[in-house]
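Here is the file input.cif (mmCIF, C-alpha atoms).
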data_protein
loop_
_atom_site.label_atom_id
_atom_site.label_comp_id
_atom_site.auth_asym_id
_atom_site.auth_seq_id
_atom_site.Cartn_x
_atom_site.Cartn_y
_atom_site.Cartn_z
CA MET M 1 -4.97 123.07 -47.11
CA PHE M 2 -6.76 125.02 -49.80
CA LEU M 3 -9.14 126.61 -47.30
CA ILE M 4 -6.37 128.82 -46.01
CA SER M 5 -4.88 131.28 -48.42
CA LYS M 6 -2.11 133.77 -48.00
CA ILE M 7 -4.50 136.58 -48.73
CA TRP M 8 -6.99 137.51 -46.05
CA ASP M 9 -10.23 139.03 -47.26
CA ASP M 10 -9.77 142.66 -46.22
CA LYS M 11 -13.51 143.26 -46.53
CA MET M 12 -14.25 140.83 -43.69
CA GLU M 13 -16.56 142.24 -41.04
CA TYR M 14 -15.90 141.71 -37.33
CA VAL M 15 -17.84 141.83 -34.10
CA LYS M 16 -16.26 142.80 -30.81
CA LEU M 17 -16.85 140.65 -27.73
CA SER M 18 -17.37 142.17 -24.28
CA ASN M 19 -13.64 141.86 -23.58
CA ASP M 20 -12.75 143.64 -26.85
CA VAL M 21 -11.65 140.46 -28.63
CA GLU M 22 -12.54 140.80 -32.31
CA VAL M 23 -14.20 137.86 -34.05
CA PRO M 24 -14.39 137.53 -37.85
CA GLN M 25 -18.10 137.30 -38.58
CA LEU M 26 -17.61 134.45 -41.00
CA GLY M 27 -15.96 131.23 -39.95
CA PHE M 28 -15.72 127.76 -41.33
CA GLY M 29 -17.65 125.01 -39.61
CA VAL M 30 -15.58 121.86 -39.84
CA PHE M 31 -18.29 119.66 -38.36
CA MET J 32 -9.37 130.86 -50.05
CA GLY J 33 -9.17 133.11 -47.07
CA TYR J 34 -10.83 131.32 -44.17
CA ARG J 35 -9.05 132.15 -40.94
CA HIS J 36 -11.78 131.47 -38.43
CA PHE J 37 -12.41 127.81 -37.62
CA ASP J 38 -15.15 126.34 -35.51
CA THR J 39 -13.97 123.05 -34.05
CA ALA J 40 -15.00 120.79 -31.17
CA GLN J 41 -13.85 117.75 -29.24
CA ALA J 42 -17.02 116.05 -30.43
CA TYR J 43 -16.30 116.78 -34.10
CA PHE J 44 -12.89 115.02 -34.03
CA ASN J 45 -11.48 117.85 -36.10
CA GLU J 46 -9.07 119.57 -33.73
CA GLU J 47 -6.01 117.61 -34.89
CA ALA J 48 -6.71 118.19 -38.59
CA VAL J 49 -7.28 121.92 -38.12
CA GLY J 50 -4.18 122.22 -35.93
CA GLN J 51 -2.08 120.46 -38.55
CA ALA J 52 -3.48 122.54 -41.43
CA ILE J 53 -2.77 125.78 -39.61
CA LYS J 54 0.76 124.68 -38.80
CA GLU J 55 1.40 123.70 -42.42
CA SER J 56 -0.03 126.97 -43.75
CA GLY J 57 2.97 128.94 -42.54
CA ILE J 58 0.63 131.77 -41.57
CA PRO J 59 1.26 133.19 -38.07
CA ARG J 60 -0.98 131.72 -35.38
CA GLU J 61 -2.26 135.16 -34.36
CA GLU J 62 -3.89 135.60 -37.76
CA PHE J 63 -6.27 132.75 -36.99
CA PHE J 64 -9.30 132.65 -34.78
CA ILE J 65 -9.87 129.14 -33.42
CA THR J 66 -12.90 128.03 -31.48
CA THR J 67 -13.28 124.69 -29.78
CA LYS J 68 -15.85 123.20 -27.43
CA ILE J 69 -15.82 120.94 -24.41
CA TRP J 70 -18.02 117.87 -24.50
CA ASN J 71 -20.41 116.68 -21.76
CA SER J 72 -18.15 113.83 -20.69
CA ASP J 73 -15.52 116.34 -19.53
CA HIS J 74 -17.71 118.51 -17.33
CA GLY J 75 -16.32 119.24 -13.87
CA TYR J 76 -13.58 121.57 -12.66
CA GLU J 77 -10.57 119.26 -12.96
CA GLU J 78 -11.95 117.47 -16.00
CA ALA J 79 -12.47 120.73 -17.88
CA LYS J 80 -8.90 121.87 -17.21
CA LYS J 81 -7.62 118.54 -18.47
CA ALA J 82 -9.85 118.72 -21.56
CA CYS J 83 -8.51 122.17 -22.37
CA GLU J 84 -4.91 120.89 -22.24
CA GLU J 85 -5.89 118.05 -24.57
CA SER J 86 -7.50 120.46 -27.05
CA LEU J 87 -4.43 122.72 -26.95
CA ARG J 88 -2.25 119.71 -27.71
CA LYS J 89 -4.43 118.57 -30.60
CA LEU J 90 -4.68 122.07 -32.06
CA GLN J 91 -0.89 122.49 -31.67
CA THR J 92 -1.29 125.87 -30.08
CA ASP J 93 -0.69 127.49 -26.71
CA TYR J 94 -4.00 129.33 -26.64
CA ILE J 95 -7.59 128.96 -27.85
CA ASP J 96 -9.34 132.06 -29.14
CA LEU J 97 -12.79 131.01 -27.98
CA TYR J 98 -13.65 128.08 -25.71
CA LEU J 99 -17.29 127.02 -25.46
CA ILE J 100 -19.38 124.67 -23.37
CA HIS J 101 -20.87 122.58 -26.18
CA GLN J 102 -24.11 121.53 -24.48
CA ASN J 103 -25.94 122.56 -21.34
CA ILE J 104 -25.75 119.05 -19.89
CA GLY J 105 -24.34 117.98 -16.52
CA ASP J 106 -22.29 120.07 -14.11
CA VAL J 107 -21.70 123.08 -16.31
CA PHE J 108 -21.14 125.37 -13.32
CA ALA J 109 -18.03 123.47 -12.26
CA THR J 110 -16.83 123.59 -15.85
CA TRP J 111 -17.50 127.32 -16.01
CA ARG J 112 -15.33 127.92 -12.91
CA ALA J 113 -12.50 126.20 -14.76
CA PHE J 114 -13.23 128.26 -17.88
CA GLU J 115 -13.01 131.48 -15.85
CA GLU J 116 -9.58 130.45 -14.58
CA LEU J 117 -8.36 129.37 -18.01
CA TYR J 118 -9.43 132.78 -19.28
CA LYS J 119 -7.59 134.60 -16.50
CA GLU J 120 -4.49 132.48 -17.17
CA GLY J 121 -4.60 133.49 -20.85
CA LYS J 122 -4.95 129.94 -22.13
CA VAL J 123 -8.22 130.97 -23.71
CA LYS J 124 -8.87 134.48 -25.02
CA ALA J 125 -12.65 134.35 -24.69
CA ILE J 126 -15.20 131.99 -23.14
CA GLY J 127 -18.79 131.20 -23.93
CA VAL J 128 -21.48 128.60 -24.31
CA SER J 129 -23.41 126.81 -27.00
CA ASN J 130 -26.98 125.55 -27.14
CA PHE J 131 -28.04 127.41 -24.00
CA THR J 132 -31.68 128.50 -23.98
CA LYS J 133 -32.27 132.07 -22.80
CA ASP J 134 -33.28 131.06 -19.27
CA ARG J 135 -30.30 128.74 -18.77
CA PHE J 136 -27.93 131.38 -20.13
CA VAL J 137 -29.28 133.93 -17.68
CA ASN J 138 -28.96 131.42 -14.84
CA LEU J 139 -25.26 130.89 -15.62
CA ALA J 140 -24.65 134.60 -16.21
CA LEU J 141 -26.24 135.69 -12.93
CA HIS J 142 -24.40 133.12 -10.83
CA SER J 143 -20.91 133.43 -12.29
CA GLU J 144 -18.11 135.93 -12.05
CA ILE J 145 -17.70 136.17 -15.83
CA THR J 146 -20.72 136.28 -18.13
CA PRO J 147 -20.40 134.05 -21.20
CA MET J 148 -19.25 136.21 -24.11
CA VAL J 149 -20.89 134.09 -26.80
CA ASN J 150 -23.84 131.73 -27.19
CA GLN J 151 -23.67 129.53 -30.29
CA ILE J 152 -27.22 128.49 -31.18
CA GLU J 153 -29.31 127.40 -34.12
CA VAL J 154 -30.46 130.29 -36.31
CA ASN J 155 -31.62 130.04 -39.93
CA PRO J 156 -34.46 131.40 -42.08
CA PHE J 157 -36.83 128.65 -40.88
CA TYR J 158 -35.85 129.12 -37.23
CA GLN J 159 -35.05 132.80 -36.97
CA GLN J 160 -35.25 133.38 -33.22
CA GLU J 161 -36.14 136.99 -33.97
CA GLY J 162 -34.52 139.46 -31.59
CA VAL J 163 -32.31 136.82 -29.97
CA GLU J 164 -29.22 138.88 -30.77
CA ASP J 165 -30.68 141.85 -28.83
CA PHE J 166 -31.59 139.63 -25.90
CA PHE J 167 -28.04 138.32 -25.47
CA GLU J 168 -26.54 141.74 -26.19
CA LYS J 169 -28.14 142.91 -22.94
CA TYR J 170 -25.73 140.50 -21.24
CA GLY J 171 -22.86 141.62 -23.43
CA ALA J 172 -22.89 138.34 -25.36
CA LYS J 173 -22.77 137.78 -29.11
CA VAL J 174 -24.75 135.15 -30.97
CA GLU J 175 -23.10 132.63 -33.27
CA ALA J 176 -25.33 130.66 -35.63
CA TRP J 177 -24.92 126.96 -36.24
CA GLY J 178 -26.92 125.40 -39.06
CA PRO J 179 -27.28 128.78 -40.82
CA LEU J 180 -28.37 127.09 -44.04
CA ALA J 181 -30.86 124.86 -42.19
CA GLU J 182 -28.73 121.90 -43.28
CA GLY J 183 -30.36 122.20 -46.69
CA ARG J 184 -33.75 121.16 -45.31
CA ASP J 185 -37.23 122.00 -46.57
CA GLY J 186 -35.96 122.99 -50.01
CA ILE J 187 -34.22 126.06 -48.63
CA PHE J 188 -31.91 126.38 -51.63
CA GLN J 189 -34.92 126.42 -53.96
CA ASN J 190 -36.87 128.95 -51.90
CA GLU J 191 -38.38 131.48 -54.33
CA THR J 192 -38.19 134.46 -51.94
CA LEU J 193 -34.51 133.89 -51.24
CA LYS J 194 -33.76 133.25 -54.92
CA ALA J 195 -35.48 136.48 -55.96
CA ILE J 196 -33.52 138.48 -53.38
CA GLY J 197 -30.27 136.89 -54.55
CA ASP J 198 -31.04 137.66 -58.20
CA GLN J 199 -31.06 141.39 -57.42
CA TYR J 200 -27.43 141.19 -56.31
CA GLY J 201 -26.15 138.32 -58.45
CA LYS J 202 -25.83 136.19 -55.31
CA SER J 203 -26.90 132.65 -54.40
CA VAL J 204 -29.50 131.66 -51.80
CA ALA J 205 -26.69 130.63 -49.42
CA GLN J 206 -24.99 134.01 -49.79
CA VAL J 207 -28.28 135.82 -49.11
CA ILE J 208 -28.88 133.81 -45.93
CA LEU J 209 -25.35 134.30 -44.62
CA ARG J 210 -25.51 138.03 -45.39
CA TRP J 211 -28.87 138.28 -43.58
CA LEU J 212 -27.27 136.77 -40.46
CA ILE J 213 -24.20 139.00 -40.70
CA GLN J 214 -26.42 142.08 -40.93
CA ARG J 215 -28.16 140.91 -37.74
CA GLY J 216 -24.75 141.04 -36.06
CA ILE J 217 -24.55 137.25 -35.84
CA ILE J 218 -21.38 135.23 -36.43
CA VAL J 219 -21.87 132.44 -38.97
CA PHE J 220 -20.28 129.07 -39.79
CA PRO J 221 -21.42 127.63 -43.07
CA LYS J 222 -19.97 124.22 -43.76
CA SER J 223 -19.36 122.60 -47.08
CA SER J 224 -17.07 119.98 -48.49
CA ALA J 225 -17.35 121.43 -52.02
CA GLU J 226 -14.58 123.86 -52.90
CA GLY J 227 -16.90 125.98 -55.06
CA ARG J 228 -19.36 126.45 -52.23
CA MET J 229 -16.60 127.26 -49.77
CA LYS J 230 -15.47 130.04 -52.09
CA GLU J 231 -19.03 131.23 -52.57
CA ASN J 232 -19.75 131.24 -48.83
CA ILE J 233 -16.92 133.62 -48.06
CA ASP J 234 -17.89 136.06 -50.81
CA LEU J 235 -20.34 138.05 -48.70
CA PHE J 236 -18.72 141.37 -48.10
CA ASP J 237 -19.40 143.20 -51.34
CA PHE J 238 -23.17 143.60 -51.04
CA LYS J 239 -25.77 144.61 -48.49
CA LEU J 240 -29.39 143.51 -48.19
CA SER J 241 -31.95 146.31 -48.06
CA ASN J 242 -34.36 146.72 -45.15
CA GLY J 243 -37.06 145.46 -47.51
CA ASP J 244 -35.09 142.27 -48.15
CA MET J 245 -34.57 141.77 -44.43
CA GLU J 246 -38.33 142.13 -43.90
CA LYS J 247 -39.11 139.64 -46.67
CA ILE J 248 -36.81 137.06 -45.08
CA LYS J 249 -38.67 137.50 -41.79
CA THR J 250 -41.79 136.06 -43.42
CA LEU J 251 -40.03 132.70 -43.96
CA ASP J 252 -39.84 131.88 -40.26
CA LYS J 253 -41.54 128.58 -39.33
CA ASN J 254 -40.22 128.55 -35.77
CA GLU J 255 -39.11 124.95 -36.35
CA PRO J 256 -35.65 124.05 -35.01
CA ILE J 257 -33.52 121.24 -36.41
CA ALA J 258 -32.69 120.31 -32.80
CA ASP J 259 -35.25 121.14 -30.14
CA ILE J 260 -32.79 121.53 -27.27
CA ALA J 261 -35.43 122.40 -24.67
CA THR J 262 -37.00 118.93 -24.56
CA PRO J 263 -36.40 115.95 -22.21
CA GLN J 264 -35.88 113.79 -25.29
CA PHE J 265 -32.99 115.96 -26.46
CA VAL J 266 -31.37 115.91 -23.01
CA GLU J 267 -31.66 112.10 -22.87
CA MET J 268 -30.29 111.67 -26.36
CA ILE J 269 -27.33 114.02 -25.94
CA SER J 270 -26.51 112.73 -22.44
CA ASN J 271 -26.13 109.23 -23.83
CA TYR J 272 -23.89 110.29 -26.70
CA ARG J 273 -20.41 108.94 -26.18
CA PHE J 274 -17.38 109.02 -28.40
#
As structure tokens - that is how I would like this structure written.
Amino acid sequence: MFLISKIWDDKMEYVKLSNDVEVPQLGFGVF
Amino acid sequence: MGYRHFDTAQAYFNEEAVGQAIKESGIPREEFFITTKIWNSDHGYEEAKKACEESLRKLQTDYIDLYLIHQNIGDVFATWRAFEELYKEGKVKAIGVSNFTKDRFVNLALHSEITPMVNQIEVNPFYQQEGVEDFFEKYGAKVEAWGPLAEGRDGIFQNETLKAIGDQYGKSVAQVILRWLIQRGIIVFPKSSAEGRMKENIDLFDFKLSNGDMEKIKTLDKNEPIADIATPQFVEMISNYRF
């Protein structure tokens, strides 16, 4: 699947949820 | 391309495809962040637990990173009790809701053991919901935006204000909008079936909008949602949706 590459964008920004789980701020909506 | 965060749902019929793609990628599961959502037809304590097992099977994984109640329809409290247990069992790493208005979110938060950690709602330049991120932050919840590009409506990609802002940075209208949301602390899910746009949409982390740009974007708000979730008509329509 070309959406997923071996190289993660190391500039990605994250937000932390209340339980300290980190979420990448950009996701892909597959709707 | 670098996407590792996928927003799926029972109702989108995409769990199996995403699960298969992740498996075939050869990249360790823990490098991905997978969200899925429970549909209205599975509300209830037992039903929700069963639905989670089904999603785990389809996604070919033993945990979900974020599990959301897709719509505030039906017995969401019973579902939430199941979500709290699934969270404690480690089958889901975080739990939240989607399409909850502020008052309904507060109702669930105040009458549950665990406050939803996320609310995924519509936010875009024509429906900005100004300050909504601060409102939910008071409850320790983050906002995720669906429809960030307003589904291309009202000539958004031709909007002169957004184009002029983008020109300053060599970025497209879509990149400006997504960056604006990211700078508000909101999590975004653009969708596109065009490879070029998918690449463009992820290229957001090498520029920053100025405060002046953020203020200019504020002037575009029409306070017009794509889906007006707080109406009886919406509740009737979504309650009757079966798949």
Leaving out Leu26 in chain M and any residue of its chain fewer than 6 positions from it, which residues lie within 9 Å of it when counting all atoms listed in the file, given as a short mmCIF file (atom, residue, chain, number, x, y, z; two decimals) with C-alpha atoms, keeping the file's coordinate frame?
data_model
loop_
_atom_site.label_atom_id
_atom_site.label_comp_id
_atom_site.auth_asym_id
_atom_site.auth_seq_id
_atom_site.Cartn_x
_atom_site.Cartn_y
_atom_site.Cartn_z
CA MET M 12 -14.25 140.83 -43.69
CA GLU M 13 -16.56 142.24 -41.04
CA TYR M 14 -15.90 141.71 -37.33
CA TYR J 34 -10.83 131.32 -44.17
CA ARG J 35 -9.05 132.15 -40.94
CA HIS J 36 -11.78 131.47 -38.43
CA LEU J 209 -25.35 134.30 -44.62
CA ILE J 213 -24.20 139.00 -40.70
CA ILE J 218 -21.38 135.23 -36.43
CA VAL J 219 -21.87 132.44 -38.97
CA PHE J 220 -20.28 129.07 -39.79
CA PRO J 221 -21.42 127.63 -43.07
CA ASN J 232 -19.75 131.24 -48.83
CA ILE J 233 -16.92 133.62 -48.06
CA LEU J 235 -20.34 138.05 -48.70
#
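For the pair CA of Tyr94 in chain J and CA of Val123 in chain J, the separation is 5.4 Å.
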Take the PyMOL selection byres ((chain J) within 9 of (chain M)), apply it to the structure above, and return the hits as a JSON list (two decimals) with C-alpha atoms, in the coordinates of the input.
[["chain", "number", "residue", "atom", "x", "y", "z"],
["J", 32, "MET", "CA", -9.37, 130.86, -50.05],
["J", 33, "GLY", "CA", -9.17, 133.11, -47.07],
["J", 34, "TYR", "CA", -10.83, 131.32, -44.17],
["J", 35, "ARG", "CA", -9.05, 132.15, -40.94],
["J", 36, "HIS", "CA", -11.78, 131.47, -38.43],
["J", 37, "PHE", "CA", -12.41, 127.81, -37.62],
["J", 38, "ASP", "CA", -15.15, 126.34, -35.51],
["J", 39, "THR", "CA", -13.97, 123.05, -34.05],
["J", 40, "ALA", "CA", -15.00, 120.79, -31.17],
["J", 42, "ALA", "CA", -17.02, 116.05, -30.43],
["J", 43, "TYR", "CA", -16.30, 116.78, -34.10],
["J", 44, "PHE", "CA", -12.89, 115.02, -34.03],
["J", 45, "ASN", "CA", -11.48, 117.85, -36.10],
["J", 49, "VAL", "CA", -7.28, 121.92, -38.12],
["J", 52, "ALA", "CA", -3.48, 122.54, -41.43],
["J", 53, "ILE", "CA", -2.77, 125.78, -39.61],
["J", 55, "GLU", "CA", 1.40, 123.70, -42.42],
["J", 56, "SER", "CA", -0.03, 126.97, -43.75],
["J", 57, "GLY", "CA", 2.97, 128.94, -42.54],
["J", 58, "ILE", "CA", 0.63, 131.77, -41.57],
["J", 64, "PHE", "CA", -9.30, 132.65, -34.78],
["J", 96, "ASP", "CA", -9.34, 132.06, -29.14],
["J", 124, "LYS", "CA", -8.87, 134.48, -25.02],
["J", 125, "ALA", "CA", -12.65, 134.35, -24.69],
["J", 148, "MET", "CA", -19.25, 136.21, -24.11],
["J", 149, "VAL", "CA", -20.89, 134.09, -26.80],
["J", 171, "GLY", "CA", -22.86, 141.62, -23.43],
["J", 172, "ALA", "CA", -22.89, 138.34, -25.36],
["J", 173, "LYS", "CA", -22.77, 137.78, -29.11],
["J", 175, "GLU", "CA", -23.10, 132.63, -33.27],
["J", 177, "TRP", "CA", -24.92, 126.96, -36.24],
["J", 209, "LEU", "CA", -25.35, 134.30, -44.62],
["J", 213, "ILE", "CA", -24.20, 139.00, -40.70],
["J", 216, "GLY", "CA", -24.75, 141.04, -36.06],
["J", 217, "ILE", "CA", -24.55, 137.25, -35.84],
["J", 218, "ILE", "CA", -21.38, 135.23, -36.43],
["J", 219, "VAL", "CA", -21.87, 132.44, -38.97],
["J", 220, "PHE", "CA", -20.28, 129.07, -39.79],
["J", 221, "PRO", "CA", -21.42, 127.63, -43.07],
["J", 222, "LYS", "CA", -19.97, 124.22, -43.76],
["J", 223, "SER", "CA", -19.36, 122.60, -47.08],
["J", 224, "SER", "CA", -17.07, 119.98, -48.49],
["J", 226, "GLU", "CA", -14.58, 123.86, -52.90],
["J", 229, "MET", "CA", -16.60, 127.26, -49.77],
["J", 230, "LYS", "CA", -15.47, 130.04, -52.09],
["J", 232, "ASN", "CA", -19.75, 131.24, -48.83],
["J", 233, "ILE", "CA", -16.92, 133.62, -48.06],
["J", 234, "ASP", "CA", -17.89, 136.06, -50.81],
["J", 235, "LEU", "CA", -20.34, 138.05, -48.70],
["J", 236, "PHE", "CA", -18.72, 141.37, -48.10],
["J", 237, "ASP", "CA", -19.40, 143.20, -51.34]]
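Evaluating the PyMOL selection byres ((chain J and resi 105) around 9) against the shown model yields Asn71, Ser72, His74, Gly75, Gln102, Asn103, Ile104, Asp106, Val107, Phe108 and Ser270 of chain J.
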How many Å lie between CA of His101 in chain J and CA of Gln151 in chain J, rounded to one decimal?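 Answer for the CA of His101 in chain J to CA of Gln151 in chain J separation: 8.5 Å.
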Quote the spacing between CA of Ala225 in chain J and CA of Glu182 in chain J in Å to one decimal place. 14.4 Å
Pull out every residue that the PyMOL selection byres ((chain J and resi 191-199) around 12) matches in the shown coordinates and put them as number ranges by chain. J: 156-157, 180, 186-190, 200-211, 235, 238-251
Selection: 12 Å around Gln91 in chain J, all atoms listed in the file, excl. self and same-chain fewer than 4 positions, as a list in words: Glu46, Glu47, Ala48, Val49, Gly50, Gln51, Ala52, Ile53, Lys54, Glu55, Arg60, Ile65, Glu84, Glu85, Ser86, Leu87 and Ile95 of chain J
For a quick check of your reading of the model, name the residues lying within 12 Å of the coordinate (-29.6, 140.8, -25.4), counting all atoms listed in the file, and write them as a PDB file with C-alpha atoms, keeping the file's coordinate frame.
ATOM      1  CA  LYS J 133     -32.270 132.070 -22.800  1.00  0.00           C
ATOM      2  CA  PHE J 136     -27.930 131.380 -20.130  1.00  0.00           C
ATOM      3  CA  VAL J 137     -29.280 133.930 -17.680  1.00  0.00           C
ATOM      4  CA  MET J 148     -19.250 136.210 -24.110  1.00  0.00           C
ATOM      5  CA  VAL J 149     -20.890 134.090 -26.800  1.00  0.00           C
ATOM      6  CA  ASN J 150     -23.840 131.730 -27.190  1.00  0.00           C
ATOM      7  CA  GLU J 161     -36.140 136.990 -33.970  1.00  0.00           C
ATOM      8  CA  GLY J 162     -34.520 139.460 -31.590  1.00  0.00           C
ATOM      9  CA  VAL J 163     -32.310 136.820 -29.970  1.00  0.00           C
ATOM     10  CA  GLU J 164     -29.220 138.880 -30.770  1.00  0.00           C
ATOM     11  CA  ASP J 165     -30.680 141.850 -28.830  1.00  0.00           C
ATOM     12  CA  PHE J 166     -31.590 139.630 -25.900  1.00  0.00           C
ATOM     13  CA  PHE J 167     -28.040 138.320 -25.470  1.00  0.00           C
ATOM     14  CA  GLU J 168     -26.540 141.740 -26.190  1.00  0.00           C
ATOM     15  CA  LYS J 169     -28.140 142.910 -22.940  1.00  0.00           C
ATOM     16  CA  TYR J 170     -25.730 140.500 -21.240  1.00  0.00           C
ATOM     17  CA  GLY J 171     -22.860 141.620 -23.430  1.00  0.00           C
ATOM     18  CA  ALA J 172     -22.890 138.340 -25.360  1.00  0.00           C
ATOM     19  CA  LYS J 173     -22.770 137.780 -29.110  1.00  0.00           C
ATOM     20  CA  VAL J 174     -24.750 135.150 -30.970  1.00  0.00           C
ATOM     21  CA  GLY J 216     -24.750 141.040 -36.060  1.00  0.00           C
TER      22      GLY J 216
END
